[in-house]
file structure_24.cif (mmCIF, C-alpha atoms and all ligand atoms)
data_start
#
loop_
_atom_site.group_PDB
_atom_site.id
_atom_site.type_symbol
_atom_site.label_atom_id
_atom_site.label_comp_id
_atom_site.auth_asym_id
_atom_site.auth_seq_id
_atom_site.Cartn_x
_atom_site.Cartn_y
_atom_site.Cartn_z
ATOM 1 C CA MET A 22 -23.169 15.250 -22.930
ATOM 2 C CA SER A 23 -19.974 13.261 -23.091
ATOM 3 C CA ASP A 24 -20.186 10.180 -25.358
ATOM 4 C CA ASP A 25 -17.617 8.040 -23.659
ATOM 5 C CA ILE A 26 -19.230 7.700 -20.248
ATOM 6 C CA SER A 27 -22.109 5.375 -19.421
ATOM 7 C CA PRO A 28 -25.211 6.569 -17.527
ATOM 8 C CA ILE A 29 -24.136 4.537 -14.493
ATOM 9 C CA GLU A 30 -20.683 6.149 -14.422
ATOM 10 C CA ALA A 31 -22.341 9.549 -14.808
ATOM 11 C CA ALA A 32 -24.548 8.739 -11.817
ATOM 12 C CA LYS A 33 -21.508 7.738 -9.729
ATOM 13 C CA SER A 34 -19.804 10.982 -10.718
ATOM 14 C CA ALA A 35 -22.900 13.023 -9.836
ATOM 15 C CA ALA A 36 -23.162 11.425 -6.367
ATOM 16 C CA ALA A 37 -19.453 12.018 -5.794
ATOM 17 C CA LEU A 38 -19.704 15.651 -6.905
ATOM 18 C CA ARG A 39 -22.603 16.278 -4.529
ATOM 19 C CA ALA A 40 -20.630 14.726 -1.657
ATOM 20 C CA ALA A 41 -17.561 16.794 -2.559
ATOM 21 C CA GLY A 42 -19.704 19.833 -1.705
ATOM 22 C CA TYR A 43 -19.471 18.814 1.973
ATOM 23 C CA VAL A 44 -15.669 19.045 1.892
ATOM 24 C CA LYS A 45 -14.306 22.380 3.123
ATOM 25 C CA SER A 46 -10.774 23.744 3.429
ATOM 26 C CA GLY A 47 -9.024 22.644 6.613
ATOM 27 C CA MET A 48 -10.778 19.288 6.757
ATOM 28 C CA LYS A 49 -9.178 15.901 7.217
ATOM 29 C CA VAL A 50 -11.068 13.615 4.863
ATOM 30 C CA GLY A 51 -11.213 9.824 4.639
ATOM 31 C CA LEU A 52 -11.055 8.773 0.995
ATOM 32 C CA GLY A 53 -12.951 5.580 0.169
ATOM 33 C CA THR A 54 -12.143 2.827 -2.294
ATOM 34 C CA GLY A 55 -13.921 1.617 -5.424
ATOM 35 C CA SER A 56 -15.200 3.000 -8.698
ATOM 36 C CA THR A 57 -17.580 5.522 -7.074
ATOM 37 C CA ALA A 58 -14.955 6.724 -4.587
ATOM 38 C CA ALA A 59 -12.555 7.113 -7.514
ATOM 39 C CA TRP A 60 -14.927 9.763 -8.909
ATOM 40 C CA LEU A 61 -14.790 11.563 -5.561
ATOM 41 C CA VAL A 62 -10.992 11.596 -5.601
ATOM 42 C CA LYS A 63 -11.103 12.938 -9.162
ATOM 43 C CA HIS A 64 -13.504 15.762 -8.204
ATOM 44 C CA LEU A 65 -11.564 16.633 -5.037
ATOM 45 C CA GLY A 66 -8.308 16.649 -7.013
ATOM 46 C CA LYS A 67 -9.784 19.190 -9.389
ATOM 47 C CA MET A 68 -10.996 21.322 -6.466
ATOM 48 C CA VAL A 69 -7.511 21.199 -4.898
ATOM 49 C CA ARG A 70 -5.726 22.087 -8.133
ATOM 50 C CA GLU A 71 -8.144 24.686 -9.467
ATOM 51 C CA ASP A 72 -10.176 26.111 -6.567
ATOM 52 C CA GLY A 73 -7.559 26.249 -3.802
ATOM 53 C CA LEU A 74 -9.272 23.635 -1.641
ATOM 54 C CA GLU A 75 -6.889 22.750 1.192
ATOM 55 C CA ILE A 76 -7.505 19.319 2.672
ATOM 56 C CA ILE A 77 -5.585 16.334 3.929
ATOM 57 C CA GLY A 78 -6.834 12.974 2.718
ATOM 58 C CA VAL A 79 -6.562 9.653 4.498
ATOM 59 C CA PRO A 80 -6.864 6.934 1.842
ATOM 60 C CA THR A 81 -8.539 3.613 2.684
ATOM 61 C CA SER A 82 -6.423 1.554 0.287
ATOM 62 C CA ILE A 83 -3.146 1.495 -1.573
ATOM 63 C CA ARG A 84 -4.945 2.138 -4.863
ATOM 64 C CA THR A 85 -6.823 5.169 -3.509
ATOM 65 C CA ALA A 86 -3.535 6.524 -2.128
ATOM 66 C CA GLU A 87 -1.983 6.202 -5.597
ATOM 67 C CA GLN A 88 -4.917 8.000 -7.223
ATOM 68 C CA ALA A 89 -4.922 10.778 -4.608
ATOM 69 C CA ARG A 90 -1.201 11.375 -5.210
ATOM 70 C CA GLU A 91 -1.775 11.506 -8.975
ATOM 71 C CA GLU A 92 -4.595 14.023 -8.438
ATOM 72 C CA GLY A 93 -2.395 16.219 -6.232
ATOM 73 C CA ILE A 94 -4.368 15.687 -3.002
ATOM 74 C CA PRO A 95 -2.072 15.807 0.050
ATOM 75 C CA ILE A 96 -2.443 12.574 2.014
ATOM 76 C CA THR A 97 -1.396 11.216 5.369
ATOM 77 C CA THR A 98 -1.972 8.144 7.514
ATOM 78 C CA LEU A 99 -4.779 7.711 10.020
ATOM 79 C CA ASP A 100 -2.166 7.541 12.781
ATOM 80 C CA GLU A 101 -0.908 10.992 11.825
ATOM 81 C CA ALA A 102 -4.392 12.454 11.397
ATOM 82 C CA ARG A 103 -5.855 10.693 14.479
ATOM 83 C CA TRP A 104 -9.433 11.825 13.840
ATOM 84 C CA LEU A 105 -11.198 12.914 10.654
ATOM 85 C CA ASP A 106 -13.926 15.436 9.908
ATOM 86 C CA LEU A 107 -15.530 13.381 7.195
ATOM 87 C CA THR A 108 -15.179 10.126 5.280
ATOM 88 C CA ILE A 109 -16.779 9.632 1.872
ATOM 89 C CA ASP A 110 -16.960 6.131 0.435
ATOM 90 C CA GLY A 111 -19.012 3.865 -1.803
ATOM 91 C CA ALA A 112 -21.042 0.801 -0.803
ATOM 92 C CA ASP A 113 -22.123 -2.489 -2.314
ATOM 93 C CA GLU A 114 -25.591 -2.344 -0.729
ATOM 94 C CA TYR A 115 -27.443 0.001 1.615
ATOM 95 C CA ASP A 116 -30.893 -0.136 3.172
ATOM 96 C CA ALA A 117 -33.347 2.492 4.415
ATOM 97 C CA ASP A 118 -31.571 2.646 7.829
ATOM 98 C CA LEU A 119 -28.265 3.274 6.010
ATOM 99 C CA ALA A 120 -26.844 -0.071 7.107
ATOM 100 C CA LEU A 121 -24.273 -1.071 4.493
ATOM 101 C CA ILE A 122 -22.499 -3.999 2.961
ATOM 102 C CA LYS A 123 -18.981 -2.975 1.954
ATOM 103 C CA GLY A 124 -15.841 -4.755 0.852
ATOM 104 C CA GLY A 125 -16.624 -5.660 -2.745
ATOM 105 C CA GLY A 126 -13.305 -4.011 -3.561
ATOM 106 C CA GLY A 127 -11.567 -5.811 -0.686
ATOM 107 C CA ALA A 128 -10.798 -2.721 1.407
ATOM 108 C CA LEU A 129 -13.448 -3.169 4.122
ATOM 109 C CA LEU A 130 -11.022 -3.281 7.056
ATOM 110 C CA HIS A 131 -9.326 0.039 6.408
ATOM 111 C CA GLU A 132 -12.652 1.504 5.272
ATOM 112 C CA LYS A 133 -14.312 0.582 8.577
ATOM 113 C CA VAL A 134 -11.417 1.814 10.701
ATOM 114 C CA VAL A 135 -11.313 5.126 8.812
ATOM 115 C CA ALA A 136 -15.103 5.645 8.749
ATOM 116 C CA THR A 137 -15.462 5.016 12.483
ATOM 117 C CA ALA A 138 -12.637 7.474 13.174
ATOM 118 C CA SER A 139 -14.628 10.245 11.456
ATOM 119 C CA ASP A 140 -17.175 12.741 12.732
ATOM 120 C CA ARG A 141 -19.339 11.908 9.741
ATOM 121 C CA MET A 142 -19.541 9.286 7.002
ATOM 122 C CA ILE A 143 -21.192 9.983 3.664
ATOM 123 C CA VAL A 144 -21.881 7.113 1.305
ATOM 124 C CA ILE A 145 -22.087 7.756 -2.414
ATOM 125 C CA ALA A 146 -23.944 5.305 -4.603
ATOM 126 C CA ASP A 147 -25.778 4.755 -7.820
ATOM 127 C CA GLU A 148 -29.386 3.605 -7.766
ATOM 128 C CA SER A 149 -28.500 -0.113 -8.014
ATOM 129 C CA LYS A 150 -27.120 -0.155 -4.462
ATOM 130 C CA PHE A 151 -30.371 0.465 -2.587
ATOM 131 C CA VAL A 152 -32.052 -2.703 -1.238
ATOM 132 C CA ASP A 153 -35.062 -3.429 0.969
ATOM 133 C CA ARG A 154 -33.060 -6.037 2.843
ATOM 134 C CA LEU A 155 -29.266 -6.519 2.874
ATOM 135 C CA GLY A 156 -27.742 -9.807 1.770
ATOM 136 C CA ALA A 157 -28.097 -10.388 -1.968
ATOM 137 C CA PHE A 158 -24.545 -9.068 -2.360
ATOM 138 C CA PRO A 159 -22.172 -11.631 -0.789
ATOM 139 C CA LEU A 160 -20.954 -10.259 2.535
ATOM 140 C CA PRO A 161 -17.140 -9.892 2.563
ATOM 141 C CA VAL A 162 -15.385 -10.996 5.735
ATOM 142 C CA GLU A 163 -11.650 -10.386 6.150
ATOM 143 C CA VAL A 164 -9.959 -13.400 7.749
ATOM 144 C CA LEU A 165 -6.449 -14.413 8.781
ATOM 145 C CA GLY A 166 -4.600 -16.752 6.436
ATOM 146 C CA PHE A 167 -3.723 -18.864 9.469
ATOM 147 C CA GLY A 168 -6.393 -21.542 9.911
ATOM 148 C CA MET A 169 -8.569 -20.060 7.187
ATOM 149 C CA GLY A 170 -10.191 -23.440 6.447
ATOM 150 C CA THR A 171 -11.208 -23.800 10.096
ATOM 151 C CA THR A 172 -12.503 -20.221 10.208
ATOM 152 C CA ARG A 173 -14.580 -20.952 7.130
ATOM 153 C CA MET A 174 -16.053 -24.112 8.730
ATOM 154 C CA LEU A 175 -16.845 -22.279 11.988
ATOM 155 C CA LEU A 176 -18.515 -19.436 10.112
ATOM 156 C CA GLU A 177 -20.694 -21.770 8.052
ATOM 157 C CA GLU A 178 -21.742 -23.697 11.190
ATOM 158 C CA MET A 179 -22.510 -20.492 13.040
ATOM 159 C CA LEU A 180 -24.582 -19.114 10.168
ATOM 160 C CA GLU A 181 -26.881 -22.182 10.376
ATOM 161 C CA GLY A 182 -28.328 -20.780 13.600
ATOM 162 C CA LEU A 183 -28.809 -17.199 12.387
ATOM 163 C CA ASP A 184 -31.501 -15.307 10.508
ATOM 164 C CA VAL A 185 -30.000 -15.693 7.017
ATOM 165 C CA THR A 186 -31.135 -17.751 4.038
ATOM 166 C CA GLY A 187 -27.702 -18.994 2.881
ATOM 167 C CA THR A 188 -24.561 -20.146 4.715
ATOM 168 C CA LYS A 189 -21.860 -20.639 2.072
ATOM 169 C CA ALA A 190 -18.498 -18.932 2.716
ATOM 170 C CA VAL A 191 -16.518 -18.702 -0.517
ATOM 171 C CA PRO A 192 -12.815 -17.754 -0.505
ATOM 172 C CA ARG A 193 -12.250 -14.741 -2.780
ATOM 173 C CA MET A 194 -9.782 -15.429 -5.548
ATOM 174 C CA ALA A 195 -7.522 -13.240 -7.672
ATOM 175 C CA GLY A 196 -6.931 -15.469 -10.662
ATOM 176 C CA ASP A 197 -5.548 -18.784 -9.362
ATOM 177 C CA ASP A 198 -4.502 -17.306 -6.021
ATOM 178 C CA LEU A 199 -6.371 -16.230 -2.939
ATOM 179 C CA PHE A 200 -7.148 -12.505 -2.934
ATOM 180 C CA VAL A 201 -4.811 -10.675 -0.527
ATOM 181 C CA THR A 202 -5.943 -7.518 1.285
ATOM 182 C CA ASP A 203 -3.766 -4.469 1.984
ATOM 183 C CA GLU A 204 -3.192 -6.003 5.455
ATOM 184 C CA GLY A 205 -2.050 -9.330 3.955
ATOM 185 C CA ASN A 206 -5.243 -11.170 4.964
ATOM 186 C CA HIS A 207 -7.820 -12.993 2.822
ATOM 187 C CA ILE A 208 -11.551 -12.595 2.228
ATOM 188 C CA LEU A 209 -14.433 -15.037 2.598
ATOM 189 C CA ASP A 210 -17.552 -13.901 0.735
ATOM 190 C CA LEU A 211 -20.649 -15.061 2.626
ATOM 191 C CA HIS A 212 -23.563 -15.939 0.335
ATOM 192 C CA LEU A 213 -26.358 -15.139 2.753
ATOM 193 C CA GLY A 214 -29.211 -14.274 0.398
ATOM 194 C CA ARG A 215 -31.059 -12.259 3.010
ATOM 195 C CA ILE A 216 -29.799 -10.832 6.300
ATOM 196 C CA GLY A 217 -32.553 -10.695 8.922
ATOM 197 C CA ASN A 218 -30.604 -8.805 11.601
ATOM 198 C CA ALA A 219 -27.468 -7.007 10.389
ATOM 199 C CA ARG A 220 -26.493 -5.636 13.808
ATOM 200 C CA GLN A 221 -26.605 -9.066 15.462
ATOM 201 C CA LEU A 222 -24.824 -10.731 12.533
ATOM 202 C CA SER A 223 -21.999 -8.190 12.598
ATOM 203 C CA LEU A 224 -21.400 -8.778 16.321
ATOM 204 C CA VAL A 225 -21.525 -12.560 16.025
ATOM 205 C CA LEU A 226 -19.186 -12.738 13.018
ATOM 206 C CA ASN A 227 -16.496 -10.827 14.875
ATOM 207 C CA GLN A 228 -16.631 -13.372 17.733
ATOM 208 C CA VAL A 229 -14.938 -15.996 15.520
ATOM 209 C CA PRO A 230 -11.208 -15.752 16.342
ATOM 210 C CA GLY A 231 -9.925 -15.985 12.733
ATOM 211 C CA VAL A 232 -12.205 -13.133 11.638
ATOM 212 C CA VAL A 233 -10.466 -9.776 11.429
ATOM 213 C CA GLU A 234 -13.522 -7.695 10.448
ATOM 214 C CA ASN A 235 -16.737 -8.005 8.485
ATOM 215 C CA GLY A 236 -18.214 -5.775 5.783
ATOM 216 C CA LEU A 237 -21.417 -4.827 7.615
ATOM 217 C CA PHE A 238 -21.451 -1.135 8.526
ATOM 218 C CA VAL A 239 -24.266 -0.575 11.033
ATOM 219 C CA ASP A 240 -24.812 2.866 12.611
ATOM 220 C CA ILE A 241 -21.710 4.222 10.888
ATOM 221 C CA CYS A 242 -23.093 5.983 7.801
ATOM 222 C CA ASP A 243 -24.735 9.374 8.432
ATOM 223 C CA ILE A 244 -25.811 10.402 4.948
ATOM 224 C CA CYS A 245 -26.246 8.478 1.719
ATOM 225 C CA ILE A 246 -26.214 10.315 -1.600
ATOM 226 C CA THR A 247 -27.680 8.282 -4.442
ATOM 227 C CA ALA A 248 -27.559 9.418 -8.043
ATOM 228 C CA PHE A 249 -29.837 8.029 -10.718
ATOM 229 C CA SER A 250 -28.968 7.560 -14.357
ATOM 230 C CA ASP A 251 -31.579 10.200 -15.330
ATOM 231 C CA GLY A 252 -29.636 12.815 -13.319
ATOM 232 C CA ARG A 253 -31.802 12.854 -10.159
ATOM 233 C CA VAL A 254 -29.919 12.887 -6.861
ATOM 234 C CA GLU A 255 -31.440 11.682 -3.587
ATOM 235 C CA LEU A 256 -30.032 12.384 -0.150
ATOM 236 C CA ARG A 257 -30.990 10.245 2.871
ATOM 237 C CA ASP A 258 -30.094 11.358 6.377
ATOM 238 C CA ALA A 259 -29.794 8.524 8.931
ATOM 239 C CA HIS A 260 -30.456 10.859 11.876
ATOM 240 C CA ASN A 261 -33.777 12.371 10.893
ATOM 241 C CA GLY A 262 -34.889 9.792 8.325
ATOM 242 C CA LYS A 263 -35.375 12.589 5.798
ATOM 243 C CA VAL A 264 -35.076 11.872 2.101
ATOM 244 C CA GLU A 265 -34.408 14.916 -0.096
ATOM 245 C CA LYS A 266 -34.926 14.490 -3.789
ATOM 246 C CA SER A 267 -33.556 16.888 -6.350
ATOM 247 C CA GLU A 268 -34.766 17.389 -9.897
ATOM 248 C CA PRO A 269 -32.713 15.968 -12.763
ATOM 249 C CA GLU A 270 -29.460 17.815 -13.237
ATOM 250 C CA ASN A 271 -27.027 17.401 -16.015
ATOM 251 C CA ALA A 272 -25.319 14.346 -14.577
ATOM 252 C CA PHE A 273 -22.643 14.630 -17.218
ATOM 253 C CA ALA A 274 -21.621 18.131 -16.196
ATOM 254 C CA ASP A 275 -18.234 18.679 -14.580
ATOM 255 C CA LEU A 276 -16.683 15.500 -15.890
ATOM 256 C CA SER A 277 -14.110 17.264 -17.988
ATOM 257 C CA ASP A 278 -10.566 17.573 -16.721
HETATM 258 C C1 LIG A 301 -14.459 -1.436 -1.475
HETATM 259 C C2 LIG A 301 -15.860 -1.058 -1.201
HETATM 260 C C3 LIG A 301 -16.550 -0.210 -2.208
HETATM 261 O O1 LIG A 301 -16.958 0.961 -1.605
HETATM 262 C C4 LIG A 301 -17.731 -0.947 -2.731
HETATM 263 O O2 LIG A 301 -17.264 -2.196 -3.235
HETATM 264 C C5 LIG A 301 -18.434 -0.167 -3.833
HETATM 265 O O3 LIG A 301 -17.598 -0.100 -4.951
HETATM 266 P P1 LIG A 301 -18.080 0.596 -6.291
HETATM 267 O O4 LIG A 301 -18.184 2.051 -6.008
HETATM 268 O O5 LIG A 301 -16.974 0.252 -7.281
HETATM 269 O O6 LIG A 301 -19.384 -0.038 -6.687
HETATM 270 O O7 LIG A 301 -16.447 -1.385 -0.201
HETATM 271 O O8 LIG A 301 -13.965 -2.294 -0.493
#
call {"tool": "encode", "arguments": {"input": "structure_24.cif", "output": "structure tokens", "more": "lines below"}}
Ligand code: 5RP
result
Amino acid sequence: MSDDISPIEAAKSAAALRAAGYVKSGMKVGLGTGSTAAWLVKHLGKMVREDGLEIIGVPTSIRTAEQAREEGIPITTLDEARWLDLTIDGADEYDADLALIKGGGGALLHEKVVATASDRMIVIADESKFVDRLGAFPLPVEVLGFGMGTTRMLLEEMLEGLDVTGTKAVPRMAGDDLFVTDEGNHILDLHLGRIGNARQLSLVLNQVPGVVENGLFVDICDICITAFSDGRVELRDAHNGKVEKSEPENAFADLSD
């Protein structure tokens, strides 16, 4: 077992490795963003360099594009690819229906566009991401810089009438400045506590004109692969509700370069 990797990182790597098994030569693959997706890009890079895997990746952020290039994975834009076989990405929270909160890393807009332009989306997660009810993780909402204060006020007012327990919309910062997304927009993190109806909330949020997109992914994820720090891996399928559990594996295997 490697000494310099924590159990949680090993779990992320194990989930990513299991998801990489769904990637076959000839596929166009959406590459997610975040620390778990970074493990996927690392594993796919190794498969491209050492096993002759031939894929084209469509990165969901500038930083994933940089990593994919470093790993030797050929990449293109979504416009070039048009439609993808598979997207694999992380999540900040997911529930038993595989509804997700995404955008902790600020890439929710490209992530949603790429995932919905894919035949299949697989989410990779460690055990901390599963929740009974979405909402403890602040929901990221990408908003225009223009009139952001007004958008924030409208969102907070609108949330008063919805099935949530909190209504605060907090601008995301990067040091002393507002966080800027790859599209040049900003993010409001909604501290909702508990989301009663994710589908309804997602639709209503996008009705506010200054909102570009929200981080709720409902009916988008097909499979969620969760890895536990003891090496167990669990696979949930949104279509048949099946949960497959596998016995502990060596979660630290295959981490070497
Ligand atoms: C980025 C995302 C990430 O998928 C999400 O934040 C999970 O990240 P991590 O794998 O680092 O926990 O939505 O916008």
call {"tool": "residues_around", "arguments": {"input": "structure_24.cif", "residues": "Gly217 of chain A", "least_positions_apart": "4", "cutoff": "12 Å", "atoms": "all atoms listed in the file", "output": "list of chain:residue names"}}
result
A:Asp153, A:Arg154, A:Leu155, A:Gly156, A:Ala157, A:Leu180, A:Gly182, A:Leu183, A:Asp184, A:Val185, A:Thr186, A:Gly187, A:Leu213, A:Gln221, A:Leu222, A:Ser223
call {"tool": "atom_distance", "arguments": {"input": "structure_24.cif", "atom1": "atom CA of Arg84 of chain A", "atom2": "atom CA of Pro159 of chain A"}}
result
22.4 Å
call {"tool": "residues_near_ligand", "arguments": {"input": "structure_24.cif", "ligand": "ligand LIG 301 (chain A)", "cutoff": "8 Å", "atoms": "all atoms listed in the file", "output": "PyMOL selection string"}}
result
chain A and resi 33+53-59+110-113+122-129+132+145-146+236
call {"tool": "closest_residue", "arguments": {"input": "structure_24.cif", "among": "A:Lys45, A:Arg173, A:Lys63, A:Arg220", "to": "His207 of chain A", "atoms": "all atoms listed in the file"}}
result
A:Arg173
call {"tool": "atom_distance", "arguments": {"input": "structure_24.cif", "atom1": "atom CA of Tyr43 of chain A", "atom2": "atom CA of Ile143 of chain A"}}
result
9.2 Å
call {"tool": "residues_around", "arguments": {"input": "structure_24.cif", "residues": "Lys266 of chain A", "least_positions_apart": "4", "cutoff": "8 Å", "atoms": "only C-alpha atoms", "output": "list in words"}}
result
Arg253, Val254, Glu255 and Leu256 of chain A
call {"tool": "closest_residue", "arguments": {"input": "structure_24.cif", "among": "A:Asn261, A:Thr85, A:Ser267, A:Thr172", "to": "Ile208 of chain A", "atoms": "all atoms listed in the file"}}
result
A:Thr172
call {"tool": "atom_distance", "arguments": {"input": "structure_24.cif", "atom1": "atom CA of Gly47 of chain A", "atom2": "atom CA of His260 of chain A"}}
result
25.0 Å
call {"tool": "closest_residue", "arguments": {"input": "structure_24.cif", "among": "A:Asp106, A:Asp240, A:Glu91, A:Asp258", "to": "Ala138 of chain A", "atoms": "all atoms listed in the file"}}
result
A:Asp106
call {"tool": "closest_residue", "arguments": {"input": "structure_24.cif", "among": "A:Arg193, A:Lys49, A:Arg141, A:His131", "to": "Pro161 of chain A", "atoms": "only C-alpha atoms"}}
result
A:Arg193
call {"tool": "closest_residue", "arguments": {"input": "structure_24.cif", "among": "A:Val162, A:Ala136, A:Ile77, A:Ala190", "to": "Asn235 of chain A", "atoms": "all atoms listed in the file"}}
result
A:Val162
call {"tool": "resolve_selection", "arguments": {"input": "structure_24.cif", "expression": "the PyMOL selection byres (((chain A and resi 164) around 8) and not hetatm)", "output": "PyMOL selection string"}}
result
chain A and resi 162-163+165-166+169+172+206-209+231-234
call {"tool": "write_last_selection", "arguments": {"input": "structure_24.cif", "atoms": "C-alpha atoms", "output": "compact mmCIF listing (two decimals), keeping the file's coordinate frame"}}
result
# COMPACT_ATOMS: atom_id res chain seq x y z
CA VAL A 162 -15.38 -11.00 5.74
CA GLU A 163 -11.65 -10.39 6.15
CA LEU A 165 -6.45 -14.41 8.78
CA GLY A 166 -4.60 -16.75 6.44
CA MET A 169 -8.57 -20.06 7.19
CA THR A 172 -12.50 -20.22 10.21
CA ASN A 206 -5.24 -11.17 4.96
CA HIS A 207 -7.82 -12.99 2.82
CA ILE A 208 -11.55 -12.60 2.23
CA LEU A 209 -14.43 -15.04 2.60
CA GLY A 231 -9.93 -15.98 12.73
CA VAL A 232 -12.20 -13.13 11.64
CA VAL A 233 -10.47 -9.78 11.43
CA GLU A 234 -13.52 -7.70 10.45
call {"tool": "closest_residue", "arguments": {"input": "structure_24.cif", "among": "A:Phe200, A:Glu75, A:Met48, A:Leu211", "to": "Thr188 of chain A", "atoms": "all atoms listed in the file"}}
result
A:Leu211
call {"tool": "residues_near_point", "arguments": {"input": "structure_24.cif", "point": "(-3.3, 7.4, 4.6)", "cutoff": "10 Å", "atoms": "all atoms listed in the file", "output": "PyMOL selection string"}}
result
chain A and resi 50-52+77-83+85-86+89+95-102+131+135
call {"tool": "residues_around", "arguments": {"input": "structure_24.cif", "residues": "Ala117 of chain A", "least_positions_apart": "6", "cutoff": "9 Å", "atoms": "only C-alpha atoms", "output": "PyMOL selection string"}}
result
chain A and resi 151-154+257+259+262
call {"tool": "write_last_selection", "arguments": {"input": "structure_24.cif", "atoms": "C-alpha atoms", "output": "PDB file, in the coordinates of the input"}}
result
ATOM      1  CA  PHE A 151     -30.371   0.465  -2.587  1.00  0.00           C
ATOM      2  CA  VAL A 152     -32.052  -2.703  -1.238  1.00  0.00           C
ATOM      3  CA  ASP A 153     -35.062  -3.429   0.969  1.00  0.00           C
ATOM      4  CA  ARG A 154     -33.060  -6.037   2.843  1.00  0.00           C
ATOM      5  CA  ARG A 257     -30.990  10.245   2.871  1.00  0.00           C
ATOM      6  CA  ALA A 259     -29.794   8.524   8.931  1.00  0.00           C
ATOM      7  CA  GLY A 262     -34.889   9.792   8.325  1.00  0.00           C
TER       8      GLY A 262
END
call {"tool": "resolve_selection", "arguments": {"input": "structure_24.cif", "expression": "the PyMOL selection byres (((chain A and resi 248) around 12) and not hetatm)", "output": "VMD selection string"}}
result
chain A and resid 28 to 40 57 111 144 to 151 245 to 247 249 to 257 265 to 273
call {"tool": "axis_aligned_box", "arguments": {"input": "structure_24.cif", "around": "segment 82-97 of chain A", "padding_each_side": "6 Å", "output": "JSON"}}
result
{"center_x": -4.0, "center_y": 8.9, "center_z": -1.8, "size_x": 17.6, "size_y": 26.7, "size_z": 26.3}
call {"tool": "build_atoms", "arguments": {"input": "structure_24.cif", "residues": "segment 234-246 of chain A", "atoms": "N, CA, C and O atoms", "output": "short mmCIF file (atom, residue, chain, number, x, y, z; two decimals), keeping the file's coordinate frame"}}
result
data_model
loop_
_atom_site.label_atom_id
_atom_site.label_comp_id
_atom_site.auth_asym_id
_atom_site.auth_seq_id
_atom_site.Cartn_x
_atom_site.Cartn_y
_atom_site.Cartn_z
N GLU A 234 -12.41 -8.68 10.47
CA GLU A 234 -13.52 -7.70 10.45
C GLU A 234 -14.51 -8.12 9.36
O GLU A 234 -14.15 -8.87 8.45
N ASN A 235 -15.73 -7.68 9.51
CA ASN A 235 -16.74 -8.01 8.48
C ASN A 235 -17.21 -6.74 7.78
O ASN A 235 -17.02 -5.63 8.28
N GLY A 236 -17.84 -6.91 6.63
CA GLY A 236 -18.21 -5.78 5.78
C GLY A 236 -19.56 -5.15 6.08
O GLY A 236 -20.06 -4.36 5.28
N LEU A 237 -20.16 -5.50 7.23
CA LEU A 237 -21.42 -4.83 7.62
C LEU A 237 -21.08 -3.53 8.34
O LEU A 237 -20.32 -3.53 9.31
N PHE A 238 -21.62 -2.43 7.87
CA PHE A 238 -21.45 -1.14 8.53
C PHE A 238 -22.82 -0.75 9.08
O PHE A 238 -23.72 -0.37 8.33
N VAL A 239 -22.98 -0.88 10.40
CA VAL A 239 -24.27 -0.57 11.03
C VAL A 239 -24.06 0.63 11.94
O VAL A 239 -23.12 0.64 12.74
N ASP A 240 -24.92 1.63 11.81
CA ASP A 240 -24.81 2.87 12.61
C ASP A 240 -23.49 3.60 12.38
O ASP A 240 -22.94 4.22 13.29
N ILE A 241 -22.96 3.51 11.21
CA ILE A 241 -21.71 4.22 10.89
C ILE A 241 -21.98 5.32 9.86
O ILE A 241 -21.47 6.43 9.97
N CYS A 242 -22.82 5.01 8.87
CA CYS A 242 -23.09 5.98 7.80
C CYS A 242 -24.11 7.03 8.27
O CYS A 242 -25.14 6.67 8.85
N ASP A 243 -23.83 8.29 8.03
CA ASP A 243 -24.74 9.37 8.43
C ASP A 243 -25.65 9.82 7.29
O ASP A 243 -26.81 10.15 7.51
N ILE A 244 -25.05 9.90 6.11
CA ILE A 244 -25.81 10.40 4.95
C ILE A 244 -25.50 9.51 3.76
O ILE A 244 -24.34 9.10 3.58
N CYS A 245 -26.51 9.20 2.97
CA CYS A 245 -26.25 8.48 1.72
C CYS A 245 -26.74 9.33 0.55
O CYS A 245 -27.89 9.79 0.55
N ILE A 246 -25.86 9.55 -0.40
CA ILE A 246 -26.21 10.32 -1.60
C ILE A 246 -26.28 9.34 -2.76
O ILE A 246 -25.29 8.68 -3.09
#
